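Source file: structure.cif; contents: mmCIF, C-alpha atoms and all ligand atoms.
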```cif
data_entry
#
loop_
_atom_site.group_PDB
_atom_site.id
_atom_site.type_symbol
_atom_site.label_atom_id
_atom_site.label_comp_id
_atom_site.auth_asym_id
_atom_site.auth_seq_id
_atom_site.Cartn_x
_atom_site.Cartn_y
_atom_site.Cartn_z
ATOM 1 C CA MET A 1 110.755 107.721 77.425
ATOM 2 C CA PRO A 2 112.542 109.974 74.971
ATOM 3 C CA SER A 3 110.453 111.936 72.509
ATOM 4 C CA ASP A 4 110.785 111.271 68.797
ATOM 5 C CA LYS A 5 112.476 114.585 68.398
ATOM 6 C CA SER A 6 115.256 113.999 70.897
ATOM 7 C CA THR A 7 115.845 110.471 69.618
ATOM 8 C CA LYS A 8 116.248 111.701 66.075
ATOM 9 C CA GLN A 9 118.768 114.238 67.218
ATOM 10 C CA ILE A 10 120.790 111.569 68.946
ATOM 11 C CA LEU A 11 120.549 108.944 66.223
ATOM 12 C CA PRO A 12 120.859 110.505 62.779
ATOM 13 C CA GLU A 13 123.427 107.931 61.609
ATOM 14 C CA GLN A 14 121.346 104.850 62.310
ATOM 15 C CA GLN A 15 118.339 106.393 60.652
ATOM 16 C CA LYS A 16 120.260 107.206 57.502
ATOM 17 C CA TYR A 17 121.837 103.788 57.526
ATOM 18 C CA ASN A 18 119.030 101.930 55.806
ATOM 19 C CA PRO A 19 116.270 104.250 54.701
ATOM 20 C CA GLN A 20 114.398 101.499 52.861
ATOM 21 C CA GLU A 21 113.965 99.395 55.995
ATOM 22 C CA PRO A 22 110.295 99.055 57.036
ATOM 23 C CA THR A 23 110.899 100.869 60.292
ATOM 24 C CA ARG A 24 107.813 99.763 62.224
ATOM 25 C CA ASP A 25 109.049 96.228 62.696
ATOM 26 C CA THR A 26 112.634 97.128 63.296
ATOM 27 C CA LYS A 27 112.032 99.742 65.953
ATOM 28 C CA SER A 28 112.287 98.807 69.557
ATOM 29 C CA SER A 29 109.330 99.801 71.663
ATOM 30 C CA HIS A 30 111.360 102.536 73.338
ATOM 31 C CA ASP A 31 112.813 104.603 70.571
ATOM 32 C CA ASN A 32 113.682 104.775 66.924
ATOM 33 C CA GLU A 33 117.067 103.139 67.248
ATOM 34 C CA VAL A 34 117.713 100.284 64.852
ATOM 35 C CA CYS A 35 120.359 97.827 65.954
ATOM 36 C CA PRO A 36 123.307 98.224 63.569
ATOM 37 C CA VAL A 37 124.242 94.551 64.011
ATOM 38 C CA CYS A 38 120.967 92.759 63.283
ATOM 39 C CA PHE A 39 118.920 95.668 61.832
ATOM 40 C CA GLY A 40 116.154 94.816 64.271
ATOM 41 C CA THR A 41 115.771 91.166 63.278
ATOM 42 C CA GLY A 42 117.270 89.930 66.556
ATOM 43 C CA VAL A 43 119.558 87.592 64.587
ATOM 44 C CA GLU A 44 123.205 88.351 63.984
ATOM 45 C CA ILE A 45 124.475 86.859 60.722
ATOM 46 C CA LEU A 46 127.944 85.343 61.059
ATOM 47 C CA PRO A 47 130.276 84.110 58.277
ATOM 48 C CA LYS A 48 129.128 80.593 59.174
ATOM 49 C CA GLY A 49 125.589 80.605 60.501
ATOM 50 C CA ALA A 50 123.796 82.981 62.853
ATOM 51 C CA ARG A 51 123.212 83.625 66.541
ATOM 52 C CA PRO A 52 120.792 85.658 68.682
ATOM 53 C CA CYS A 53 121.884 89.273 68.629
ATOM 54 C CA GLY A 54 123.206 90.783 71.859
ATOM 55 C CA CYS A 55 120.795 93.701 71.519
ATOM 56 C CA ARG A 56 117.890 91.474 72.515
ATOM 57 C CA ALA A 57 119.381 90.750 75.934
ATOM 58 C CA THR A 58 120.110 94.452 76.441
ATOM 59 C CA ASP A 59 116.618 95.326 75.323
ATOM 60 C CA SER A 60 114.931 92.931 77.739
ATOM 61 C CA LYS A 61 117.113 94.196 80.594
ATOM 62 C CA ARG A 62 116.227 97.752 79.696
ATOM 63 C CA LYS A 63 112.542 96.863 79.622
ATOM 64 C CA ALA A 64 112.854 95.200 83.026
ATOM 65 C CA PHE A 65 114.638 98.276 84.356
ATOM 66 C CA ASN A 66 111.940 100.600 83.004
ATOM 67 C CA ALA A 67 109.203 98.354 84.374
ATOM 68 C CA ALA A 68 110.771 98.622 87.833
ATOM 69 C CA ARG A 69 109.929 102.362 87.879
ATOM 70 C CA ILE A 70 113.148 103.382 89.587
ATOM 71 C CA PRO A 71 113.084 107.196 89.811
ATOM 72 C CA ARG A 72 115.553 108.867 87.504
ATOM 73 C CA ARG A 73 117.456 110.494 90.357
ATOM 74 C CA TYR A 74 118.351 107.047 91.685
ATOM 75 C CA ALA A 75 118.945 105.404 88.309
ATOM 76 C CA GLY A 76 122.724 105.523 88.770
ATOM 77 C CA CYS A 77 122.683 103.905 92.220
ATOM 78 C CA SER A 78 124.320 100.509 92.360
ATOM 79 C CA LEU A 79 126.194 98.335 94.815
ATOM 80 C CA ASP A 80 129.407 99.236 92.962
ATOM 81 C CA ASN A 81 129.175 102.923 93.744
ATOM 82 C CA PHE A 82 127.889 102.795 97.329
ATOM 83 C CA LYS A 83 130.359 104.492 99.653
ATOM 84 C CA SER A 84 130.827 103.502 103.281
ATOM 85 C CA GLU A 85 133.514 103.520 105.936
ATOM 86 C CA PRO A 86 134.737 100.051 106.939
ATOM 87 C CA ASP A 87 132.708 98.551 109.798
ATOM 88 C CA SER A 88 130.321 101.511 109.898
ATOM 89 C CA SER A 89 126.583 100.856 110.074
ATOM 90 C CA GLN A 90 126.470 101.808 106.377
ATOM 91 C CA ASP A 91 129.048 99.150 105.633
ATOM 92 C CA ILE A 92 127.014 96.541 107.504
ATOM 93 C CA ALA A 93 123.889 97.616 105.599
ATOM 94 C CA PHE A 94 125.827 97.336 102.350
ATOM 95 C CA ARG A 95 126.777 93.752 103.197
ATOM 96 C CA TYR A 96 123.143 92.889 103.902
ATOM 97 C CA ALA A 97 122.236 94.261 100.481
ATOM 98 C CA CYS A 98 124.966 92.279 98.709
ATOM 99 C CA ARG A 99 124.000 89.118 100.561
ATOM 100 C CA LEU A 100 120.377 89.439 99.513
ATOM 101 C CA VAL A 101 121.249 89.895 95.833
ATOM 102 C CA LEU A 102 123.701 87.021 95.964
ATOM 103 C CA ASP A 103 121.405 84.581 97.764
ATOM 104 C CA TYR A 104 118.146 85.394 95.977
ATOM 105 C CA PRO A 105 115.858 83.452 95.429
ATOM 106 C CA ALA A 106 116.981 81.468 98.478
ATOM 107 C CA VAL A 107 115.933 84.365 100.704
ATOM 108 C CA ASP A 108 112.844 84.335 102.896
ATOM 109 C CA ARG A 109 113.134 87.717 104.589
ATOM 110 C CA GLY A 110 113.272 91.192 103.139
ATOM 111 C CA LEU A 111 115.179 94.109 104.636
ATOM 112 C CA LEU A 112 114.016 97.153 106.559
ATOM 113 C CA PHE A 113 116.565 99.953 106.221
ATOM 114 C CA MET A 114 116.012 102.371 109.092
ATOM 115 C CA GLY A 115 117.855 105.624 109.446
ATOM 116 C CA PRO A 116 117.850 109.376 109.003
ATOM 117 C CA VAL A 117 117.753 111.190 105.691
ATOM 118 C CA GLY A 118 120.934 111.068 103.654
ATOM 119 C CA VAL A 119 122.586 107.863 104.852
ATOM 120 C CA GLY A 120 122.031 105.905 101.630
ATOM 121 C CA LYS A 121 118.950 103.811 102.416
ATOM 122 C CA THR A 122 117.301 104.401 99.056
ATOM 123 C CA HIS A 123 120.624 103.961 97.264
ATOM 124 C CA LEU A 124 120.954 100.480 98.759
ATOM 125 C CA ALA A 125 117.339 99.569 98.071
ATOM 126 C CA VAL A 126 117.675 100.592 94.416
ATOM 127 C CA ALA A 127 121.018 98.799 94.177
ATOM 128 C CA ILE A 128 119.318 95.613 95.361
ATOM 129 C CA LEU A 129 116.663 95.968 92.655
ATOM 130 C CA LYS A 130 119.287 96.520 89.977
ATOM 131 C CA GLY A 131 121.288 93.532 91.124
ATOM 132 C CA LEU A 132 118.140 91.407 91.012
ATOM 133 C CA ILE A 133 117.058 92.758 87.613
ATOM 134 C CA ASP A 134 120.448 91.599 86.333
ATOM 135 C CA LYS A 135 119.507 88.149 87.614
ATOM 136 C CA GLY A 136 116.238 88.321 85.688
ATOM 137 C CA VAL A 137 114.001 88.982 88.701
ATOM 138 C CA GLY A 138 110.895 91.122 88.152
ATOM 139 C CA CYS A 139 111.228 94.171 90.400
ATOM 140 C CA LEU A 140 109.238 97.262 91.287
ATOM 141 C CA PHE A 141 110.074 100.467 93.152
ATOM 142 C CA TYR A 142 107.494 102.663 94.845
ATOM 143 C CA GLU A 143 107.808 105.596 97.168
ATOM 144 C CA SER A 144 105.053 104.783 99.661
ATOM 145 C CA GLY A 145 103.520 108.276 99.545
ATOM 146 C CA SER A 146 103.257 108.252 95.762
ATOM 147 C CA LEU A 147 101.687 104.795 95.808
ATOM 148 C CA LEU A 148 99.036 105.996 98.259
ATOM 149 C CA LYS A 149 98.458 109.072 96.103
ATOM 150 C CA GLN A 150 97.944 106.937 93.005
ATOM 151 C CA ILE A 151 95.462 104.745 94.836
ATOM 152 C CA GLN A 152 93.594 107.809 96.061
ATOM 153 C CA ASP A 153 93.569 109.316 92.566
ATOM 154 C CA SER A 154 92.096 106.093 91.192
ATOM 155 C CA TYR A 155 88.962 106.690 93.311
ATOM 156 C CA ASN A 156 88.263 109.822 91.310
ATOM 157 C CA PRO A 157 85.368 109.022 88.933
ATOM 158 C CA ILE A 158 87.045 110.753 85.986
ATOM 159 C CA SER A 159 90.312 108.930 86.578
ATOM 160 C CA ASN A 160 91.213 106.502 83.814
ATOM 161 C CA THR A 161 92.604 103.942 86.199
ATOM 162 C CA SER A 162 91.286 101.741 88.988
ATOM 163 C CA GLU A 163 92.631 100.795 92.384
ATOM 164 C CA LEU A 164 93.248 97.275 91.168
ATOM 165 C CA ARG A 165 95.149 98.502 88.134
ATOM 166 C CA VAL A 166 97.454 100.465 90.423
ATOM 167 C CA LEU A 167 97.815 97.636 92.908
ATOM 168 C CA ALA A 168 98.113 94.611 90.615
ATOM 169 C CA PRO A 169 101.784 95.242 89.750
ATOM 170 C CA VAL A 170 102.522 95.971 93.417
ATOM 171 C CA TYR A 171 101.037 92.623 94.432
ATOM 172 C CA GLN A 172 102.625 90.759 91.557
ATOM 173 C CA ALA A 173 106.178 92.121 91.577
ATOM 174 C CA GLU A 174 108.537 89.388 92.636
ATOM 175 C CA VAL A 175 110.533 91.890 94.663
ATOM 176 C CA LEU A 176 109.175 95.272 95.739
ATOM 177 C CA VAL A 177 110.971 98.227 97.242
ATOM 178 C CA MET A 178 108.715 100.419 99.319
ATOM 179 C CA ASP A 179 110.638 103.606 99.934
ATOM 180 C CA GLU A 180 109.962 106.060 102.763
ATOM 181 C CA LEU A 181 107.587 103.922 104.754
ATOM 182 C CA GLY A 182 105.690 106.079 107.227
ATOM 183 C CA SER A 183 106.186 109.303 105.284
ATOM 184 C CA THR A 184 102.446 109.907 104.848
ATOM 185 C CA ILE A 185 100.453 111.400 107.708
ATOM 186 C CA PRO A 186 98.895 108.328 109.301
ATOM 187 C CA THR A 187 95.127 108.275 108.932
ATOM 188 C CA ASP A 188 93.127 105.066 109.372
ATOM 189 C CA TRP A 189 92.864 104.788 105.593
ATOM 190 C CA VAL A 190 96.619 105.155 105.126
ATOM 191 C CA ARG A 191 97.402 102.526 107.752
ATOM 192 C CA ASP A 192 94.781 100.084 106.471
ATOM 193 C CA THR A 193 95.846 100.483 102.845
ATOM 194 C CA ILE A 194 99.548 100.026 103.508
ATOM 195 C CA TYR A 195 98.821 97.075 105.780
ATOM 196 C CA GLN A 196 96.653 95.442 103.136
ATOM 197 C CA ILE A 197 99.355 95.825 100.473
ATOM 198 C CA ILE A 198 102.175 94.537 102.628
ATOM 199 C CA ASN A 199 100.128 91.747 104.155
ATOM 200 C CA THR A 200 99.041 90.517 100.728
ATOM 201 C CA ARG A 201 102.669 90.277 99.660
ATOM 202 C CA TYR A 202 103.530 88.561 102.941
ATOM 203 C CA ASN A 203 100.820 85.966 102.405
ATOM 204 C CA ASP A 204 102.085 85.377 98.863
ATOM 205 C CA LYS A 205 105.625 84.965 100.222
ATOM 206 C CA LYS A 206 106.893 87.823 98.098
ATOM 207 C CA LEU A 207 110.014 89.664 99.153
ATOM 208 C CA THR A 208 109.767 93.346 100.091
ATOM 209 C CA VAL A 209 112.543 95.780 100.953
ATOM 210 C CA PHE A 210 111.619 98.886 102.942
ATOM 211 C CA THR A 211 113.293 102.137 103.799
ATOM 212 C CA THR A 212 112.095 104.453 106.533
ATOM 213 C CA ASN A 213 113.288 107.611 108.251
ATOM 214 C CA TYR A 214 111.527 106.533 111.434
ATOM 215 C CA MET A 215 113.182 104.470 114.137
ATOM 216 C CA ASP A 216 111.832 102.067 116.737
ATOM 217 C CA GLU A 217 113.032 104.149 119.628
ATOM 218 C CA VAL A 218 112.891 107.867 120.168
ATOM 219 C CA PRO A 219 116.185 109.046 121.650
ATOM 220 C CA GLN A 220 115.913 111.103 124.825
ATOM 221 C CA VAL A 221 112.293 111.984 124.314
ATOM 222 C CA ASP A 222 112.039 114.627 126.993
ATOM 223 C CA ASP A 223 115.098 116.571 125.947
ATOM 224 C CA ALA A 224 114.204 116.262 122.291
ATOM 225 C CA LEU A 225 110.672 117.471 122.852
ATOM 226 C CA GLU A 226 111.814 120.280 125.052
ATOM 227 C CA THR A 227 114.404 121.430 122.527
ATOM 228 C CA ALA A 228 111.917 121.142 119.708
ATOM 229 C CA ARG A 229 109.350 123.110 121.639
ATOM 230 C CA GLN A 230 111.818 125.834 122.405
ATOM 231 C CA ASN A 231 113.061 126.007 118.849
ATOM 232 C CA ARG A 232 109.516 125.763 117.485
ATOM 233 C CA LYS A 233 110.840 123.237 115.028
ATOM 234 C CA LEU A 234 108.698 120.296 115.980
ATOM 235 C CA THR A 235 107.655 119.597 112.401
ATOM 236 C CA ASN A 236 111.257 119.502 111.222
ATOM 237 C CA ARG A 237 112.120 116.953 113.872
ATOM 238 C CA ILE A 238 109.186 114.663 113.449
ATOM 239 C CA HIS A 239 111.472 111.802 112.371
ATOM 240 C CA GLU A 240 113.324 112.015 115.633
ATOM 241 C CA LEU A 241 110.272 112.439 117.834
ATOM 242 C CA THR A 242 107.989 109.777 116.394
ATOM 243 C CA THR A 243 108.556 106.037 116.239
ATOM 244 C CA LEU A 244 107.878 103.939 113.169
ATOM 245 C CA GLU A 245 105.166 102.122 115.095
ATOM 246 C CA GLU A 246 103.402 105.408 115.794
ATOM 247 C CA ARG A 247 103.503 106.207 112.081
ATOM 248 C CA ILE A 248 102.383 102.879 110.618
ATOM 249 C CA GLY A 249 100.523 101.250 113.499
ATOM 250 C CA THR A 250 101.306 98.328 115.792
ATOM 251 C CA ARG A 251 99.788 95.705 113.506
ATOM 252 C CA LEU A 252 102.023 96.570 110.551
ATOM 253 C CA ARG A 253 105.134 97.080 112.675
ATOM 254 C CA SER A 254 104.784 93.547 114.041
ATOM 255 C CA ARG A 255 104.162 92.177 110.553
ATOM 256 C CA LEU A 256 107.423 93.805 109.469
ATOM 257 C CA TYR A 257 109.281 92.018 112.274
ATOM 258 C CA GLU A 258 108.141 88.764 110.751
ATOM 259 C CA MET A 259 108.984 89.549 107.136
ATOM 260 C CA CYS A 260 112.134 91.674 107.328
ATOM 261 C CA THR A 261 115.519 91.908 108.902
ATOM 262 C CA LYS A 262 115.955 95.316 110.471
ATOM 263 C CA VAL A 263 119.076 97.135 109.280
ATOM 264 C CA LYS A 264 119.751 100.322 111.194
ATOM 265 C CA ILE A 265 121.948 102.927 109.536
ATOM 266 C CA GLU A 266 123.359 105.818 111.510
ATOM 267 C CA GLY A 267 125.022 108.535 109.507
ATOM 268 C CA GLU A 268 127.879 110.634 110.827
ATOM 269 C CA ASP A 269 125.695 113.723 110.507
ATOM 270 C CA TYR A 270 123.015 112.111 112.561
ATOM 271 C CA ARG A 271 125.301 111.299 115.456
ATOM 272 C CA LYS A 272 126.758 114.783 115.401
ATOM 273 C CA ARG A 273 123.295 116.245 115.452
ATOM 274 C CA LEU A 274 122.241 114.118 118.429
ATOM 275 C CA ASP A 275 125.364 115.051 120.350
ATOM 276 C CA ARG A 276 124.791 118.699 119.626
ATOM 277 C CA ARG A 277 121.228 118.405 120.833
ATOM 278 C CA ARG A 278 122.293 116.779 124.076
ATOM 279 C CA PHE A 279 124.850 119.519 124.519
ATOM 280 C CA ASP A 280 122.250 122.207 123.839
ATOM 281 C CA SER A 281 119.803 120.610 126.249
ATOM 282 C CA SER A 282 122.371 120.405 129.026
ATOM 283 C CA ARG A 283 122.951 124.145 128.825
ATOM 284 C CA ILE A 284 119.314 125.047 129.208
HETATM 285 ZN ZN ZN A 301 120.635 93.439 67.231
#
```

How does this structure look as structure tokens?
Amino acid sequence: MPSDKSTKQILPEQQKYNPQEPTRDTKSSHDNEVCPVCFGTGVEILPKGARPCGCRATDSKRKAFNAARIPRRYAGCSLDNFKSEPDSSQDIAFRYACRLVLDYPAVDRGLLFMGPVGVGKTHLAVAILKGLIDKGVGCLFYESGSLLKQIQDSYNPISNTSELRVLAPVYQAEVLVMDELGSTIPTDWVRDTIYQIINTRYNDKKLTVFTTNYMDEVPQVDDALETARQNRKLTNRIHELTTLEERIGTRLRSRLYEMCTKVKIEGEDYRKRLDRRRFDSSRI
């Protein structure tokens, strides 16, 4: 939310426009901008009659977008600017995303985007939310680690929030994106909490879209482990050496099979890296 100061710097003209206006009623909840068409009344006066001002639709869309909590670094991500080679796994993932936006609400399964870092999983997930927000669907984005952190923080006695206050919007959102599933070190509490959240949404028949860096299979485990051991880079390669099921538990992985279509994305970088690793291993 912009500060008063920055807003004033951006909007000197509108503020000078009608200094007598009682500004409290004409301000939007987000800033000090007064609509130059309706002066904040929400009604545009025409030569013959009046009609609802276009700013109200924009305002409600902006509110819905803000309520979705999409991180600023992904705010520009949309289906329009997703780049993929024809018939690549990214292209297939893109078509799944478009299909979901197009078909919603006649959709009974979410999506699980699986793939390494940097292949556009979060871009697609955010693009889905934005497409759905345009359709008037209430959406919410959460990075799974930050959700868990907020829940943990709510246990602190001096915290001014409660677990329920954190979780209520997560349960209620019509469509939720849970980004980076499995990113938190899996303790019993982590697994139970994530399972409870996802299972509640499943029982309420609410759609959830997931992204994860973890796959269902670990490629060439022995070679990978051996290479990692020799390079002492095990922690850097944890995504490649651990399955999603190992990260989130069997119970949740099977729940995800029921509620989501798995969409595997393999980036060019990823394939190159795997080939290089096989090559390296064969020389040892
Ligand atoms: Zn207006």

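Applied to the shown file, the PyMOL selection byres (((chain A and resi 67-80) around 7) and not hetatm) selects the residues A:Lys63, A:Ala64, A:Phe65, A:Asn66, A:Asn81, A:Phe82, A:His123, A:Leu124, A:Val126, A:Ala127, A:Lys130, A:Cys139, A:Leu140, A:Phe141.
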
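Put simply, the PyMOL selection byres (((not hetatm)) within 12 of (chain A and resi 301)) on this file hits A:Thr26, A:Lys27, A:Ser28, A:Glu33, A:Val34, A:Cys35, A:Pro36, A:Val37, A:Cys38, A:Phe39, A:Gly40, A:Thr41, A:Gly42, A:Val43, A:Glu44, A:Ile45, A:Ala50, A:Arg51, A:Pro52, A:Cys53, A:Gly54, A:Cys55, A:Arg56, A:Ala57, A:Thr58, A:Asp59, A:Ser60.
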
Separating atom CA of Ala168 of chain A from atom CA of Ser154 of chain A, to the nearest tenth of an Å, is a gap of 13.0 Å

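Near Glu85 of chain A, within a cut-off of 12 Å and counting only C-alpha atoms, sit the residues Phe82, Lys83, Asp87, Ser88, Ser89, Gln90, Asp91, Ile92, Ala93, Phe94, Val119, Glu266, Gly267 and Glu268 of chain A, with same-chain residues fewer than 2 positions away left out.
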
Q: Can you pull out every residue within 12 Å of segment 195-199 of chain A, counting only C-alpha atoms, but drop anything in the same chain fewer than 6 positions away, and send it as a ChimeraX atom specification?
A: /A:110,144,147-148,151,163-164,166-173,175-178,181-182,186,188-189,205-210,248-256,258-260

Export of the given selection (C-alpha atoms) as a CSV table (one decimal), in the coordinates of the input:
```csv
chain,number,residue,atom,x,y,z
A,110,GLY,CA,113.3,91.2,103.1
A,144,SER,CA,105.1,104.8,99.7
A,147,LEU,CA,101.7,104.8,95.8
A,148,LEU,CA,99.0,106.0,98.3
A,151,ILE,CA,95.5,104.7,94.8
A,163,GLU,CA,92.6,100.8,92.4
A,164,LEU,CA,93.2,97.3,91.2
A,166,VAL,CA,97.5,100.5,90.4
A,167,LEU,CA,97.8,97.6,92.9
A,168,ALA,CA,98.1,94.6,90.6
A,169,PRO,CA,101.8,95.2,89.8
A,170,VAL,CA,102.5,96.0,93.4
A,171,TYR,CA,101.0,92.6,94.4
A,172,GLN,CA,102.6,90.8,91.6
A,173,ALA,CA,106.2,92.1,91.6
A,175,VAL,CA,110.5,91.9,94.7
A,176,LEU,CA,109.2,95.3,95.7
A,177,VAL,CA,111.0,98.2,97.2
A,178,MET,CA,108.7,100.4,99.3
A,181,LEU,CA,107.6,103.9,104.8
A,182,GLY,CA,105.7,106.1,107.2
A,186,PRO,CA,98.9,108.3,109.3
A,188,ASP,CA,93.1,105.1,109.4
A,189,TRP,CA,92.9,104.8,105.6
A,205,LYS,CA,105.6,85.0,100.2
A,206,LYS,CA,106.9,87.8,98.1
A,207,LEU,CA,110.0,89.7,99.2
A,208,THR,CA,109.8,93.3,100.1
A,209,VAL,CA,112.5,95.8,101.0
A,210,PHE,CA,111.6,98.9,102.9
A,248,ILE,CA,102.4,102.9,110.6
A,249,GLY,CA,100.5,101.2,113.5
A,250,THR,CA,101.3,98.3,115.8
A,251,ARG,CA,99.8,95.7,113.5
A,252,LEU,CA,102.0,96.6,110.6
A,253,ARG,CA,105.1,97.1,112.7
A,254,SER,CA,104.8,93.5,114.0
A,255,ARG,CA,104.2,92.2,110.6
A,256,LEU,CA,107.4,93.8,109.5
A,258,GLU,CA,108.1,88.8,110.8
A,259,MET,CA,109.0,89.5,107.1
A,260,CYS,CA,112.1,91.7,107.3
```

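The nearest approach to Thr243 of chain A among the residues A:Ser162, A:Met114, A:Asn156, A:Tyr142, with all atoms listed in the file taken into account, belongs to A:Met114.
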
The distance between atom CA of Gly145 of chain A and atom CA of Leu244 of chain A is 14.9 Å

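Atom pair atom CA of Asn203 of chain A / atom CA of Lys262 of chain A has a distance of 19.5 Å (rounded to one decimal).
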
Restricting to all atoms listed in the file, whichever of A:Ile158, A:Cys98, A:Leu241, A:Met215 is closest to Leu112 of chain A is A:Met215

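Around Gly115 of chain A, within 6 Å and counting only C-alpha atoms, the residues found are Asn213, Lys264, Ile265 and Glu266 of chain A, once anything fewer than 3 positions away on its own chain is removed.
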
Quick one: everything within 7 Å of segment 99-108 of chain A, counting all atoms listed in the file, minus sequence neighbours fewer than 3 positions away in the same chain. Send it as an NGL selection string. :A and (95-96 or 128 or 131-132)

Store the residues picked out above in a file with C-alpha atoms, as an mmCIF file, in the coordinates of the input.
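Result file selection.cif:
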```cif
data_model
loop_
_atom_site.group_PDB
_atom_site.id
_atom_site.type_symbol
_atom_site.label_atom_id
_atom_site.label_comp_id
_atom_site.auth_asym_id
_atom_site.auth_seq_id
_atom_site.Cartn_x
_atom_site.Cartn_y
_atom_site.Cartn_z
ATOM 1 C CA ARG A 95 126.777 93.752 103.197
ATOM 2 C CA TYR A 96 123.143 92.889 103.902
ATOM 3 C CA ILE A 128 119.318 95.613 95.361
ATOM 4 C CA GLY A 131 121.288 93.532 91.124
ATOM 5 C CA LEU A 132 118.140 91.407 91.012
#
```

N, CA and C atoms modelled onto segment 29-48 of chain A, as a compact mmCIF listing (two decimals), keeping the file's coordinate frame:
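The resulting file, selection_9.txt, is reproduced below:
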```
# COMPACT_ATOMS: atom_id res chain seq x y z
N SER A 29 110.52 99.12 71.15
CA SER A 29 109.33 99.80 71.66
C SER A 29 109.70 101.12 72.32
N HIS A 30 110.99 101.36 72.57
CA HIS A 30 111.36 102.54 73.34
C HIS A 30 111.77 103.72 72.49
N ASP A 31 112.33 103.48 71.34
CA ASP A 31 112.81 104.60 70.57
C ASP A 31 112.96 104.17 69.12
N ASN A 32 113.58 105.06 68.35
CA ASN A 32 113.68 104.78 66.92
C ASN A 32 115.00 104.11 66.54
N GLU A 33 115.75 103.70 67.54
CA GLU A 33 117.07 103.14 67.25
C GLU A 33 116.94 101.76 66.60
N VAL A 34 117.67 101.59 65.50
CA VAL A 34 117.71 100.28 64.85
C VAL A 34 119.08 99.69 65.14
N CYS A 35 119.09 98.46 65.62
CA CYS A 35 120.36 97.83 65.95
C CYS A 35 121.22 97.72 64.70
N PRO A 36 122.45 98.26 64.75
CA PRO A 36 123.31 98.22 63.57
C PRO A 36 123.87 96.83 63.28
N VAL A 37 123.72 95.91 64.22
CA VAL A 37 124.24 94.55 64.01
C VAL A 37 123.20 93.66 63.32
N CYS A 38 121.98 93.68 63.83
CA CYS A 38 120.97 92.76 63.28
C CYS A 38 119.86 93.51 62.54
N PHE A 39 119.94 94.84 62.49
CA PHE A 39 118.92 95.67 61.83
C PHE A 39 117.53 95.36 62.36
N GLY A 40 117.45 95.02 63.64
CA GLY A 40 116.15 94.82 64.27
C GLY A 40 115.58 93.41 64.12
N THR A 41 116.31 92.53 63.44
CA THR A 41 115.77 91.17 63.28
C THR A 41 115.98 90.33 64.52
N GLY A 42 116.96 90.72 65.37
CA GLY A 42 117.27 89.93 66.56
C GLY A 42 118.23 88.78 66.25
N VAL A 43 118.64 88.66 64.98
CA VAL A 43 119.56 87.59 64.59
C VAL A 43 120.81 88.22 63.97
N GLU A 44 121.94 87.86 64.53
CA GLU A 44 123.20 88.35 63.98
C GLU A 44 123.74 87.32 62.99
N ILE A 45 123.97 87.77 61.76
CA ILE A 45 124.48 86.86 60.72
C ILE A 45 126.00 86.78 60.83
N LEU A 46 126.50 85.57 60.95
CA LEU A 46 127.94 85.34 61.06
C LEU A 46 128.44 84.73 59.75
N PRO A 47 129.76 84.73 59.51
CA PRO A 47 130.28 84.11 58.28
C PRO A 47 129.76 82.68 58.11
N LYS A 48 129.71 81.95 59.24
CA LYS A 48 129.13 80.59 59.17
C LYS A 48 127.95 80.52 60.14
```
